[in-house]
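Structure data follow from data24.csv (CSV, C-alpha atoms and all ligand atoms):
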chain,number,residue,atom,x,y,z
A,1,MET,CA,-14.6,1.0,3.5
A,2,ALA,CA,-12.1,-1.6,4.4
A,3,LEU,CA,-11.6,-2.9,7.9
A,4,ALA,CA,-8.8,-5.0,9.4
A,5,ARG,CA,-9.7,-6.9,12.5
A,6,ARG,CA,-6.8,-7.4,14.9
A,7,HIS,CA,-7.7,-10.9,15.8
A,8,ASP,CA,-7.9,-12.1,12.2
A,9,VAL,CA,-4.5,-10.9,11.5
A,10,ALA,CA,-3.0,-12.1,14.8
A,11,ALA,CA,-4.3,-15.6,14.1
A,12,GLU,CA,-2.1,-15.7,11.1
A,13,VAL,CA,1.1,-15.0,13.0
A,14,GLY,CA,3.3,-18.0,12.4
A,15,THR,CA,2.0,-18.6,8.9
A,16,SER,CA,4.1,-18.3,5.8
A,17,GLU,CA,3.1,-14.6,5.4
A,18,ALA,CA,4.5,-13.8,8.9
A,19,SER,CA,7.7,-15.7,8.1
A,20,ALA,CA,8.1,-13.9,4.8
A,21,MET,CA,7.6,-10.6,6.6
A,22,ALA,CA,10.1,-11.5,9.3
A,23,LEU,CA,12.7,-12.6,6.8
A,24,ALA,CA,12.3,-9.4,4.8
A,25,GLN,CA,12.9,-7.4,8.0
A,26,VAL,CA,15.9,-9.5,8.9
A,27,VAL,CA,17.4,-9.0,5.4
A,28,ALA,CA,16.7,-5.2,5.5
A,29,PHE,CA,18.2,-5.0,9.0
A,30,GLY,CA,21.4,-6.9,7.8
A,31,ARG,CA,21.7,-4.5,4.9
A,32,ASN,CA,21.2,-1.3,6.9
A,33,HIS,CA,23.3,-2.4,9.9
A,34,PRO,CA,26.2,-4.5,8.6
A,35,GLU,CA,28.2,-3.1,11.6
A,36,LEU,CA,25.9,-4.9,14.0
A,37,LEU,CA,26.5,-8.4,12.5
A,38,PRO,CA,27.0,-11.0,13.9
A,39,ILE,CA,23.9,-10.7,16.1
A,40,ASP,CA,22.3,-13.4,18.1
A,41,LEU,CA,18.8,-14.3,17.1
A,42,SER,CA,17.0,-13.5,20.4
A,43,SER,CA,18.5,-10.0,20.4
A,44,LEU,CA,17.6,-9.6,16.8
A,45,LEU,CA,14.0,-10.6,17.4
A,46,ARG,CA,13.8,-8.1,20.3
A,47,ARG,CA,15.3,-5.4,18.2
A,48,LEU,CA,12.9,-5.9,15.3
A,49,ALA,CA,9.9,-6.2,17.8
A,50,LEU,CA,8.4,-8.9,15.6
A,51,PRO,CA,5.2,-10.4,17.0
A,52,ILE,CA,6.3,-14.0,16.6
A,53,PRO,CA,7.8,-16.5,19.1
A,54,LEU,CA,11.5,-17.1,19.1
A,55,ASP,CA,11.3,-20.8,17.9
A,56,ASN,CA,9.1,-19.7,14.9
A,57,PHE,CA,11.7,-17.0,14.1
A,58,GLN,CA,14.6,-19.5,14.4
A,59,ARG,CA,12.8,-22.0,12.1
A,60,THR,CA,12.1,-19.2,9.5
A,61,LEU,CA,15.7,-18.1,9.5
A,62,ALA,CA,17.0,-21.7,9.4
A,63,ASP,CA,14.9,-22.3,6.2
A,64,ALA,CA,16.2,-19.1,4.7
A,65,ALA,CA,19.8,-20.1,5.5
A,66,ARG,CA,19.2,-23.4,3.7
A,67,ASP,CA,17.9,-21.4,0.7
A,68,GLY,CA,21.1,-19.2,0.9
A,69,ALA,CA,19.3,-15.9,1.7
A,70,ILE,CA,21.2,-15.5,4.9
A,71,GLU,CA,24.0,-17.1,6.8
A,72,LEU,CA,23.7,-18.4,10.4
A,73,GLN,CA,26.4,-19.7,12.7
A,74,ALA,CA,25.7,-21.7,15.9
A,75,PHE,CA,27.9,-21.0,19.0
A,76,ASP,CA,27.2,-22.7,22.3
A,77,GLN,CA,23.5,-22.1,22.9
A,78,TRP,CA,23.2,-19.1,20.6
A,79,THR,CA,22.7,-18.8,16.9
A,80,PHE,CA,24.0,-15.8,15.2
A,81,LEU,CA,23.0,-14.1,12.0
A,82,THR,CA,26.4,-13.5,10.4
A,83,HIS,CA,25.6,-12.4,6.8
A,84,VAL,CA,22.8,-11.4,4.6
A,85,GLY,CA,22.9,-12.8,1.1
A,86,SER,CA,22.4,-11.0,-2.2
A,87,LEU,CA,19.0,-12.6,-2.8
A,88,ALA,CA,15.9,-10.4,-3.0
A,89,PRO,CA,13.9,-10.1,0.2
A,90,ALA,CA,11.0,-12.5,0.4
A,91,THR,CA,8.5,-9.6,0.7
A,92,PRO,CA,8.6,-7.8,-2.6
A,93,THR,CA,9.2,-4.0,-2.4
A,94,ARG,CA,8.9,-1.8,-5.5
A,95,ARG,CA,10.3,1.4,-4.4
A,96,PHE,CA,12.4,2.7,-7.2
A,97,VAL,CA,12.1,1.8,-10.9
A,98,HIS,CA,13.9,4.0,-13.3
A,99,TYR,CA,11.9,4.6,-16.5
A,100,CYS,CA,13.8,5.4,-19.7
A,101,PRO,CA,12.9,8.8,-21.0
A,102,SER,CA,13.0,7.4,-24.5
A,103,THR,CA,9.8,5.3,-23.6
A,104,THR,CA,10.4,2.4,-26.0
A,105,ARG,CA,13.6,0.4,-26.5
A,106,ALA,CA,13.4,1.1,-30.3
A,107,ALA,CA,13.7,4.8,-29.6
A,108,CYS,CA,16.4,4.4,-26.9
A,109,ARG,CA,19.9,5.2,-28.1
A,110,GLU,CA,21.7,3.8,-25.0
A,111,LEU,CA,23.3,0.4,-25.7
A,112,GLY,CA,22.0,-2.1,-23.1
A,113,CYS,CA,20.0,0.5,-21.3
A,114,ALA,CA,19.0,-0.9,-17.9
A,115,LYS,CA,16.0,1.3,-17.4
A,116,ALA,CA,12.5,0.1,-17.8
A,117,HIS,CA,10.9,0.6,-21.3
A,118,PHE,CA,7.4,0.3,-22.8
A,119,VAL,CA,6.0,-1.5,-25.7
A,120,PRO,CA,3.3,0.1,-27.9
A,121,ILE,CA,0.0,-1.7,-28.0
A,122,THR,CA,-1.3,-1.5,-31.5
A,123,THR,CA,-4.6,-3.0,-32.9
A,124,ARG,CA,-6.2,-3.1,-36.3
A,125,LYS,CA,-7.6,0.3,-35.5
A,126,THR,CA,-4.3,2.0,-34.5
A,127,ASN,CA,-2.9,4.7,-36.8
A,128,VAL,CA,0.7,5.0,-35.7
A,129,ALA,CA,1.0,8.3,-37.5
A,130,LEU,CA,-1.4,9.9,-35.0
A,131,GLY,CA,1.0,9.2,-32.0
A,132,ASP,CA,0.2,8.6,-28.4
A,133,CYS,CA,-3.3,8.6,-27.0
A,134,LYS,CA,-3.4,11.6,-24.6
A,135,TYR,CA,-5.5,9.6,-22.1
A,136,LEU,CA,-3.4,6.4,-22.3
A,137,ASP,CA,-4.9,4.0,-19.7
A,138,GLN,CA,-7.6,6.5,-18.9
A,139,CYS,CA,-8.9,6.1,-22.5
A,140,HIS,CA,-12.6,5.4,-22.6
A,141,ARG,CA,-12.3,3.2,-25.8
A,142,PRO,CA,-8.9,1.6,-25.9
A,143,GLU,CA,-10.1,-1.2,-28.2
A,144,SER,CA,-11.3,1.2,-30.9
A,145,CYS,CA,-9.0,4.2,-30.2
A,146,ALA,CA,-6.7,5.0,-33.2
A,147,TYR,CA,-3.9,6.4,-31.0
A,148,ILE,CA,-1.1,4.4,-29.4
A,149,HIS,CA,-1.3,2.9,-25.9
A,150,TYR,CA,1.5,1.2,-24.0
A,151,ARG,CA,2.3,-1.7,-21.7
A,152,PRO,CA,5.5,-2.3,-19.8
A,153,GLU,CA,8.2,-4.1,-21.8
A,154,ALA,CA,8.5,-6.9,-19.3
A,155,PRO,CA,5.6,-8.1,-17.2
A,156,GLN,CA,5.4,-6.2,-13.9
A,157,PRO,CA,8.3,-7.9,-12.0
A,158,LEU,CA,6.6,-7.9,-8.6
A,159,PRO,CA,3.2,-9.1,-7.8
A,160,LEU,CA,0.7,-6.8,-6.1
A,161,PRO,CA,-0.4,-7.7,-2.6
A,162,THR,CA,-3.4,-10.0,-2.6
A,163,PRO,CA,-6.3,-9.4,-0.1
A,164,PRO,CA,-6.1,-11.5,3.1
A,165,THR,CA,-8.1,-14.8,2.8
A,166,SER,CA,-9.6,-14.1,6.3
A,167,ALA,CA,-11.4,-11.0,4.9
A,168,THR,CA,-15.2,-10.9,4.8
A,169,ALA,CA,-17.0,-8.5,2.5
A,170,VAL,CA,-20.1,-6.9,3.9
A,171,VAL,CA,-22.3,-5.3,1.2
A,172,GLY,CA,-25.0,-3.0,2.6
A,173,ASP,CA,-26.3,0.5,3.0
A,174,VAL,CA,-24.0,2.2,5.5
A,175,THR,CA,-26.8,4.4,6.7
A,176,ALA,CA,-28.9,1.3,7.7
A,177,LEU,CA,-26.1,-1.1,8.7
A,178,ASP,CA,-25.9,-2.7,12.2
A,179,TRP,CA,-22.4,-1.3,12.9
A,180,HIS,CA,-22.3,-2.6,16.4
A,181,SER,CA,-22.4,-6.2,15.2
A,182,LEU,CA,-19.1,-5.7,13.3
A,183,GLY,CA,-16.8,-5.6,16.4
A,184,LYS,CA,-13.7,-3.5,17.0
A,185,PHE,CA,-10.9,-2.8,14.6
A,186,ASP,CA,-7.3,-1.6,14.9
A,187,ALA,CA,-7.2,0.0,11.5
A,188,ILE,CA,-10.0,1.4,9.3
A,189,ILE,CA,-9.6,2.6,5.8
A,190,MET,CA,-12.5,4.8,4.8
A,191,ASP,CA,-13.4,6.1,1.4
A,192,PRO,CA,-16.7,7.9,1.9
A,193,PRO,CA,-19.1,8.7,-1.0
A,194,TRP,CA,-18.4,12.5,-0.7
A,195,GLU,CA,-20.8,14.8,-2.4
A,196,ILE,CA,-18.9,16.8,-5.1
A,197,ASN,CA,-20.1,19.2,-7.7
A,198,MET,CA,-20.1,16.5,-10.4
A,199,LYS,CA,-22.4,13.8,-11.7
A,200,LEU,CA,-21.2,10.5,-10.2
A,201,SER,CA,-22.0,6.9,-11.0
A,202,TYR,CA,-22.7,6.1,-7.4
A,203,ALA,CA,-24.9,7.5,-4.6
A,204,THR,CA,-23.3,10.1,-2.4
A,205,LEU,CA,-23.8,11.4,1.2
A,206,PRO,CA,-23.8,14.9,2.5
A,207,ASP,CA,-20.9,15.7,5.0
A,208,ALA,CA,-23.4,15.7,7.9
A,209,ALA,CA,-24.6,12.2,7.1
A,210,ILE,CA,-21.0,10.9,6.9
A,211,GLN,CA,-20.3,12.6,10.2
A,212,GLY,CA,-23.3,10.8,11.7
A,213,LEU,CA,-21.9,7.3,10.9
A,214,PRO,CA,-21.1,5.5,14.2
A,215,ILE,CA,-17.4,5.3,13.5
A,216,ALA,CA,-16.7,5.7,17.3
A,217,SER,CA,-18.3,2.3,17.9
A,218,LEU,CA,-15.8,0.5,15.6
A,219,GLN,CA,-12.6,1.6,17.3
A,220,ASP,CA,-11.5,2.3,20.9
A,221,ALA,CA,-7.9,2.9,19.9
A,222,GLY,CA,-6.2,2.7,16.5
A,223,TRP,CA,-5.8,4.3,13.2
A,224,LEU,CA,-8.3,5.7,10.7
A,225,PHE,CA,-7.1,6.3,7.1
A,226,LEU,CA,-9.6,8.6,5.4
A,227,TRP,CA,-9.6,9.3,1.7
A,228,VAL,CA,-10.8,12.8,0.9
A,229,THR,CA,-11.3,14.7,-2.3
A,230,THR,CA,-9.3,18.0,-2.6
A,231,GLY,CA,-12.5,20.0,-1.8
A,232,LYS,CA,-13.1,17.9,1.4
A,233,LEU,CA,-9.6,18.3,3.0
A,234,VAL,CA,-11.0,20.7,5.6
A,235,ALA,CA,-14.2,18.7,6.1
A,236,GLY,CA,-12.2,15.5,6.5
A,237,ARG,CA,-10.0,16.9,9.2
A,238,ARG,CA,-13.1,18.2,11.0
A,239,LEU,CA,-14.8,14.8,10.8
A,240,LEU,CA,-11.7,13.0,12.2
A,241,ARG,CA,-11.6,15.4,15.1
A,242,HIS,CA,-15.4,15.0,15.6
A,243,TRP,CA,-14.9,11.2,15.8
A,244,GLY,CA,-12.2,11.6,18.5
A,245,TYR,CA,-9.1,11.4,16.4
A,246,THR,CA,-5.9,13.4,16.2
A,247,VAL,CA,-5.0,14.1,12.6
A,248,VAL,CA,-1.3,12.9,12.6
A,249,ASP,CA,-0.6,12.8,8.8
A,250,ASP,CA,-1.7,13.2,5.3
A,251,ILE,CA,-0.7,10.6,2.6
A,252,VAL,CA,-0.6,11.8,-1.0
A,253,TRP,CA,-1.3,9.5,-3.9
A,254,VAL,CA,0.3,10.7,-7.1
A,255,LYS,CA,-1.4,9.1,-10.0
A,256,VAL,CA,0.7,7.9,-12.9
A,257,ASP,CA,-0.3,6.8,-16.4
A,258,GLN,CA,0.7,3.8,-18.5
A,259,LEU,CA,4.1,5.4,-19.1
A,260,GLN,CA,4.6,6.0,-15.3
A,261,ARG,CA,4.4,9.7,-15.9
A,262,VAL,CA,2.1,11.9,-13.8
A,263,ALA,CA,-1.4,11.3,-15.1
A,264,ALA,CA,-2.3,14.8,-16.2
A,265,GLN,CA,-5.5,13.8,-17.9
A,266,GLY,CA,-7.1,12.3,-14.8
A,267,ARG,CA,-10.5,13.7,-16.0
A,268,THR,CA,-11.2,15.1,-12.6
A,269,GLY,CA,-10.7,18.6,-11.2
A,270,HIS,CA,-12.6,21.8,-12.0
A,271,TRP,CA,-9.7,24.2,-12.4
A,272,LEU,CA,-6.5,22.1,-12.7
A,273,ASN,CA,-6.4,18.5,-13.7
A,274,HIS,CA,-6.4,16.5,-10.5
A,275,SER,CA,-3.5,14.1,-10.6
A,276,HIS,CA,-3.3,13.3,-6.9
A,277,GLU,CA,-5.5,12.4,-3.9
A,278,HIS,CA,-5.2,12.7,-0.2
A,279,CYS,CA,-5.6,10.1,2.6
A,280,LEU,CA,-5.7,11.7,6.0
A,281,VAL,CA,-4.4,9.7,8.9
A,282,GLY,CA,-6.2,9.9,12.3
A,283,GLN,CA,-5.0,8.3,15.5
A,284,LYS,CA,-7.1,7.7,18.6
A,285,GLY,CA,-6.4,6.4,22.1
A,286,LEU,CA,-2.7,5.7,21.5
A,287,ALA,CA,0.5,7.5,22.1
A,288,VAL,CA,1.5,8.8,18.6
A,289,SER,CA,4.3,6.6,17.4
A,290,ALA,CA,6.5,7.4,14.5
A,291,ALA,CA,6.5,5.1,11.4
A,292,ARG,CA,9.6,6.7,9.8
A,293,ALA,CA,10.4,3.8,7.6
A,294,GLU,CA,7.3,4.7,5.6
A,295,CYS,CA,6.9,7.4,3.0
A,296,ASP,CA,3.8,9.8,2.8
A,297,VAL,CA,3.8,9.6,-1.0
A,298,ILE,CA,2.3,6.7,-3.0
A,299,VAL,CA,3.1,6.8,-6.7
A,300,ALA,CA,0.8,4.4,-8.4
A,301,ALA,CA,-1.4,4.0,-11.4
A,302,ALA,CA,-4.9,5.3,-11.5
A,303,ARG,CA,-7.2,2.3,-12.2
A,304,GLU,CA,-11.0,2.1,-12.3
A,305,SER,CA,-13.0,5.1,-11.1
A,306,SER,CA,-12.8,5.4,-7.3
A,307,ARG,CA,-10.4,2.5,-6.9
A,308,LYS,CA,-7.5,3.4,-4.6
A,309,PRO,CA,-4.0,2.1,-4.9
A,310,ASP,CA,-3.2,-1.3,-3.3
A,311,GLU,CA,0.1,0.2,-1.9
A,312,LEU,CA,-1.9,1.7,0.9
A,313,TYR,CA,-2.8,-1.7,2.3
A,314,GLY,CA,0.8,-2.7,2.6
A,315,LEU,CA,1.6,0.6,4.4
A,316,VAL,CA,-1.3,0.0,6.9
A,317,GLU,CA,-0.2,-3.6,7.5
A,318,ARG,CA,3.4,-2.4,8.3
A,319,CYS,CA,2.3,0.5,10.5
A,320,VAL,CA,-0.5,-1.3,12.4
A,321,ARG,CA,1.3,-4.6,13.0
A,322,ALA,CA,-0.8,-7.5,14.3
A,323,GLY,CA,-0.8,-7.7,18.0
A,324,THR,CA,1.3,-4.7,18.6
A,325,LEU,CA,-1.4,-2.3,19.8
A,326,PRO,CA,-0.7,-1.5,23.5
A,327,HIS,CA,-4.2,-2.3,24.7
A,328,PRO,CA,-5.7,-5.6,25.7
A,329,ARG,CA,-9.0,-6.7,24.2
B,401,ZN,ZN,16.5,3.3,-22.6
B,402,ZN,ZN,-6.9,6.1,-26.4

What's the structure tokens form of this structure?
Amino acid sequence: MALARRHDVAAEVGTSEASAMALAQVVAFGRNHPELLPIDLSSLLRRLALPIPLDNFQRTLADAARDGAIELQAFDQWTFLTHVGSLAPATPTRRFVHYCPSTTRAACRELGCAKAHFVPITTRKTNVALGDCKYLDQCHRPESCAYIHYRPEAPQPLPLPTPPTSATAVVGDVTALDWHSLGKFDAIIMDPPWEINMKLSYATLPDAAIQGLPIASLQDAGWLFLWVTTGKLVAGRRLLRHWGYTVVDDIVWVKVDQLQRVAAQGRTGHWLNHSHEHCLVGQKGLAVSAARAECDVIVAAARESSRKPDELYGLVERCVRAGTLPHPR
């Protein structure tokens, strides 16, 4: 289970992370609303509802202007954003990558094809004549497997988000933990050890035991993101309601393999191969606010057993902005 404490994040406002986030939003705003430029910086700050003071915002934008990312113009006591440059936004986004259906550049017939390709990973053990491993990155023995595996042609162009340095890991038995000492949280991501009809490498809990966890003590108002297995979709909704949440949404994670195709050999599922997972979104003590800039589908690689995609953390950070919850604490 991952928890984000409001105060930890709020303390970081004004750091380079907050500046990068602000700049990315300014660049996105400039691109989406060229008709509104020029715009003076104080109205821009109000419009974007960024939780940073105006002078920090001005400093961030002045730095970006020196780097050529944006253009500013001073007039009387106002500074206007006049133009957004062609540089990539400071906060990396990886929304659309077009993968070449030919997989490798060697097999691609399109001259100077701009789509992403893959490189076969071959070892002493590989027998190229056998073709692709049907498990690819889900292969249990990639070092000794005789089939072909792949990696992207270029290294992944954008880094994955790194965990915040202010985070503290608490390792313990959830059934015996002193939950009240943890404090209150604005956002909770929960991946309970659901009991499923399968032998698992970790201890599980029956639904009633999960329901009995004192989740209510962790949050007076905020969001709970609850990962559920397909068989626990109904139980998950019931649990959220039991803990006092309104179920407002359901995020779907579509798992992809090394070749960025739907991972149809996920090795889970009793009837069909399970190539997706659900994360239910519960909201409590707040007026339901739309986060329409976000998408309810995450397309990301399946990694180690149980490990969820990092993309969810970015989504939560953007939806539950530090210091924007309408309740004092
Ligand atoms: Zn191609
Ligand atoms: Zn293999």

Under the rule that only C-alpha atoms and all ligand atoms are counted, which of A:Tyr202, A:Tyr99, A:Tyr135, A:Trp243 is the nearest residue to ligand ZN 402 (chain B)?
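Closest residue, counting only C-alpha atoms and all ligand atoms: A:Tyr135.
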
Spatial sel., origin (-6.3, 8.1, 4.2), limit 12 Å, all atoms listed in the file, listed as a VMD selection string
chain A and resid 1 to 2 187 to 192 223 to 229 233 236 to 237 240 247 to 253 277 to 283 296 to 298 308 to 309 311 to 313 315 to 316

Atom CA of A:Met198 to atom CA of A:Trp179, straight-line distance in Å:
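So the answer is 29.4 Å.
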
Can you tell me, as a VMD selection string, what residues are no more than 10 Å from A:Phe29 when counting all atoms listed in the file, ignoring any on the same chain fewer than 6 positions away?
chain A and resid 23 36 to 37 44 47 to 48 84

Would you be able to write out as a JSON list (two decimals) with C-alpha atoms, in the coordinates of the input which residues have an atom within 12 Å of (-0.2, 2.2, -26.8) in the file's coordinates, counting only C-alpha atoms?
[["chain", "number", "residue", "atom", "x", "y", "z"],
["A", 103, "THR", "CA", 9.80, 5.30, -23.60],
["A", 104, "THR", "CA", 10.40, 2.40, -26.00],
["A", 118, "PHE", "CA", 7.40, 0.30, -22.80],
["A", 119, "VAL", "CA", 6.00, -1.50, -25.70],
["A", 120, "PRO", "CA", 3.30, 0.10, -27.90],
["A", 121, "ILE", "CA", 0.00, -1.70, -28.00],
["A", 122, "THR", "CA", -1.30, -1.50, -31.50],
["A", 123, "THR", "CA", -4.60, -3.00, -32.90],
["A", 125, "LYS", "CA", -7.60, 0.30, -35.50],
["A", 126, "THR", "CA", -4.30, 2.00, -34.50],
["A", 127, "ASN", "CA", -2.90, 4.70, -36.80],
["A", 128, "VAL", "CA", 0.70, 5.00, -35.70],
["A", 130, "LEU", "CA", -1.40, 9.90, -35.00],
["A", 131, "GLY", "CA", 1.00, 9.20, -32.00],
["A", 132, "ASP", "CA", 0.20, 8.60, -28.40],
["A", 133, "CYS", "CA", -3.30, 8.60, -27.00],
["A", 134, "LYS", "CA", -3.40, 11.60, -24.60],
["A", 135, "TYR", "CA", -5.50, 9.60, -22.10],
["A", 136, "LEU", "CA", -3.40, 6.40, -22.30],
["A", 137, "ASP", "CA", -4.90, 4.00, -19.70],
["A", 138, "GLN", "CA", -7.60, 6.50, -18.90],
["A", 139, "CYS", "CA", -8.90, 6.10, -22.50],
["A", 142, "PRO", "CA", -8.90, 1.60, -25.90],
["A", 143, "GLU", "CA", -10.10, -1.20, -28.20],
["A", 144, "SER", "CA", -11.30, 1.20, -30.90],
["A", 145, "CYS", "CA", -9.00, 4.20, -30.20],
["A", 146, "ALA", "CA", -6.70, 5.00, -33.20],
["A", 147, "TYR", "CA", -3.90, 6.40, -31.00],
["A", 148, "ILE", "CA", -1.10, 4.40, -29.40],
["A", 149, "HIS", "CA", -1.30, 2.90, -25.90],
["A", 150, "TYR", "CA", 1.50, 1.20, -24.00],
["A", 151, "ARG", "CA", 2.30, -1.70, -21.70],
["A", 152, "PRO", "CA", 5.50, -2.30, -19.80],
["A", 153, "GLU", "CA", 8.20, -4.10, -21.80],
["A", 257, "ASP", "CA", -0.30, 6.80, -16.40],
["A", 258, "GLN", "CA", 0.70, 3.80, -18.50],
["A", 259, "LEU", "CA", 4.10, 5.40, -19.10]]

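Coordinates place atom CA of A:Cys295 at a distance of 11.7 Å from atom CA of A:Arg318.
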
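The coordinates place atom CA of A:Gly269 at 14.5 Å from atom CA of A:Ala302.
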
What's the 12 Å shell around A:Thr204, counting all atoms listed in the file, without same-chain residues fewer than 3 positions away, as a ChimeraX atom specification?
/A:173-175,191-201,207-210

Would you mind listing, for every residue of chain A within 9 Å of ligand ZN 401 (chain B), the two atoms forming the shortest contact and the distance between them in Å to one decimal, using only C-alpha atoms and all ligand atoms, sorted by chain and ascending residue number, as a tab-separated table?
residue	atom	partner	partner_atom	distance
A:Tyr99	CA	B:ZN401	ZN	7.7
A:Cys100	CA	B:ZN401	ZN	4.5
A:Pro101	CA	B:ZN401	ZN	6.8
A:Ser102	CA	B:ZN401	ZN	5.7
A:Thr103	CA	B:ZN401	ZN	7.1
A:Thr104	CA	B:ZN401	ZN	7.0
A:Arg105	CA	B:ZN401	ZN	5.7
A:Ala106	CA	B:ZN401	ZN	8.6
A:Ala107	CA	B:ZN401	ZN	7.7
A:Cys108	CA	B:ZN401	ZN	4.4
A:Arg109	CA	B:ZN401	ZN	6.7
A:Glu110	CA	B:ZN401	ZN	5.7
A:Leu111	CA	B:ZN401	ZN	8.0
A:Gly112	CA	B:ZN401	ZN	7.7
A:Cys113	CA	B:ZN401	ZN	4.7
A:Ala114	CA	B:ZN401	ZN	6.8
A:Lys115	CA	B:ZN401	ZN	5.6
A:Ala116	CA	B:ZN401	ZN	7.0
A:His117	CA	B:ZN401	ZN	6.4

Which is closer to ligand ZN 402 (chain B) than all the others in A:Gly172, A:Val27, A:Gln265, A:Gly212, using only C-alpha atoms and all ligand atoms?
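Result for the nearest residue to ligand ZN 402 (chain B): A:Gln265.
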
When you count only C-alpha atoms, which of these residues is closest to A:Asp186: A:Leu41, A:Leu286, A:Ala69, A:Ala235?
A:Leu286

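Using all atoms listed in the file for every distance, the candidate list A:Arg307, A:His180, A:His140, A:Arg66 yields A:His140 as the residue closest to ligand ZN 402 (chain B).
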
With distances taken over all atoms listed in the file, which of A:Ser306, A:Ile70, A:Thr268, A:Ala49 is nearest to A:Gly231?
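When distances to A:Gly231 are compared using all atoms listed in the file, the smallest one comes from A:Thr268.
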
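Proximity to A:Asp67 was assessed for A:Lys232, A:Arg124, A:Gly85, A:Ala291 counting only C-alpha atoms; the smallest distance is recorded for A:Gly85.
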